[in-house]
Structures are given as structure tokens and as C-alpha cells.
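Okay, so here's the structure we're looking at.
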Amino acid sequence: MLTSRAVLAWLTAGYGTLIADALPYGVLPEAAVADLVTTVARPGAHERADALLSDLGVLGIRTPGPARSRATLAQDTAMAMDLIRAAAQEGYTLTMPDALCAAAARRLEAGLIAADLLTPAAP
């Protein structure tokens with residue numbers, strides 16, 4: 001399971017072999033896809049979301065369809081909210097897209113590769 005920031009870190013050469021080695025086996029959940037497309041669209045780094053997703057597919061990253069049921073989505077969302085609250089109690093900020101990736105990884109019992117998953121909360 002990859003977060004959008006892990007893919008962005010790899011795209012900008014912020015990380016080396018850890019992410020590159022995971023790409024052929026990586027899964028980018030729906031929340032991470034939305035976050036990644038939004039992030040690269042802002043500065044005009046990529047004009048079309050479908051082209052970006054095609055490029056990622058060539059690298060081996062899979063983008064699964066949406067959750068098969070509302071119950072699964074609700075379960076992942078509840079877990080994500082718990083993770084966000086736990087991070088906040090420890091003084092960190094966890095974004096919803098990253099929390100949803102972590103929740104999906106936990107549900108699927110998959111590893112999670114992230115870059116800067118937790119950032120110190122603003123004072």
C-alpha cells in the first residue's frame with residue numbers, strides 16, 4: 001500500500017530504492033489517487049489525471065476500484081478517524097487521505113509505505 005506522498009517523493013527523487021522497489025507491487029488506494037492527482041494538478045505538473053494514472057500503471061502501481069460496499073468504506077473511514085485522533089493526541093497531524101491508506105492497509109493486512117506520514121501539529 002502506497003500513500004500519495006510516497007509516490008510524490010519518488011517522482012521528485014526524494015526517496016530512492018525503498019519506493020522504487022515497491023512500485024511494481026504497489027497499490028495506490030482511491031484516496032491516495034485523489035490526493036496525488038490534486039497535488040500534481042495544482043502547479044500544472046500534469047495536465048490530465050488519466051495520463052498520470054496511465055504513467056503510474058506503466059510503473060506497476062495498481063489502482064484498485066472503490067470499496068466494494070458501503071460497510072467497507074465506513075469501516076475504513078472509522079479507522080482513519082481513529083488514527084487521526086490518535087496522531088493528534090500525540091501532537092501530530094495525519095491527513096485524511098493518508099489515514100485512509102493506513103486503514104486500508106490495516107484491513108488488508110498489507111504493508112504501508114509512506115513519506116512524511118506524520119507531521120508535527122502547528123502550535
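Letters A, B, ... go to the chains of the C-alpha cells in the order shown; residues in each chain start at 1; ligands are counted from 1 in the same order.
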Shell around A:Pro24 at 7 Å using only C-alpha atoms, local window under 6 positions removed, as an MDAnalysis selection string: chainID A and resid 59:61
So that I can check the surroundings of stretch 82-95 of chain A, please list as a list in words every protein, DNA and RNA residue that reaches within 9 Å of it, counting only C-alpha atoms and ignoring chain neighbours fewer than 6 positions away. Ala102, Ala103, Leu117, Leu118, Thr119, Pro120, Ala121 and Ala122 of chain A
Selected residues written out with N, CA, C and O atoms, as a CSV table (one decimal), in the first residue's frame:
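Written file, again_30.csv:
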```
chain,number,residue,atom,x,y,z
A,102,ALA,N,-3.7,4.1,5.4
A,102,ALA,CA,-3.3,3.3,6.5
A,102,ALA,C,-4.4,2.4,6.9
A,102,ALA,O,-4.2,1.2,7.3
A,103,ALA,N,-5.6,2.8,6.9
A,103,ALA,CA,-6.8,2.0,7.3
A,103,ALA,C,-7.0,0.9,6.3
A,103,ALA,O,-7.2,-0.3,6.7
A,117,LEU,N,4.5,10.7,6.8
A,117,LEU,CA,3.1,10.4,7.1
A,117,LEU,C,2.6,11.3,8.2
A,117,LEU,O,1.5,11.8,8.1
A,118,LEU,N,3.4,11.5,9.2
A,118,LEU,CA,3.0,12.3,10.4
A,118,LEU,C,3.8,13.6,10.4
A,118,LEU,O,5.1,13.5,10.2
A,119,THR,N,3.2,14.7,10.5
A,119,THR,CA,3.9,16.0,10.7
A,119,THR,C,3.6,16.6,12.0
A,119,THR,O,2.4,16.4,12.5
A,120,PRO,N,4.5,17.3,12.6
A,120,PRO,CA,4.2,17.9,13.9
A,120,PRO,C,3.0,18.9,13.8
A,120,PRO,O,2.9,19.6,12.8
A,121,ALA,N,2.1,18.8,14.7
A,121,ALA,CA,1.0,19.7,14.7
A,121,ALA,C,1.4,21.2,14.9
A,121,ALA,O,2.4,21.4,15.6
A,122,ALA,N,0.8,22.1,14.2
A,122,ALA,CA,1.1,23.5,14.4
A,122,ALA,C,0.7,24.0,15.8
A,122,ALA,O,-0.3,23.5,16.4
```
Quick one: residues within 8 Å of stretch 4-6 of chain A, only C-alpha atoms, excluding same-chain residues fewer than 5 positions away - as a VMD selection string? chain A and resid 19 28 32 to 33 35 to 36 98 113 to 117
Gap from atom CA of A:Ala20 to atom CA of A:Val7 - Å, one decimal: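 Those two atoms sit 9.1 Å apart.
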If I take atom CA of A:Leu56 and atom CA of A:Ala99, how far is one from the other in Å, to one decimal?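 About the pair atom CA of A:Leu56 and atom CA of A:Ala99: they are 21.4 Å apart.
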Can you work out which one of A:Ala110, A:Leu11, A:Ala78, A:Ala71 has the shortest atom-to-atom distance to A:Val27, counting only C-alpha atoms?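 Checking each of A:Ala110, A:Leu11, A:Ala78, A:Ala71 against A:Val27, counting only C-alpha atoms, the winner is A:Ala110.
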Provide the atom CA of A:Met96 to atom CA of A:Leu2 distance in Å, to one decimal place.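 Separating atom CA of A:Met96 from atom CA of A:Leu2 is a distance of 14.1 Å.
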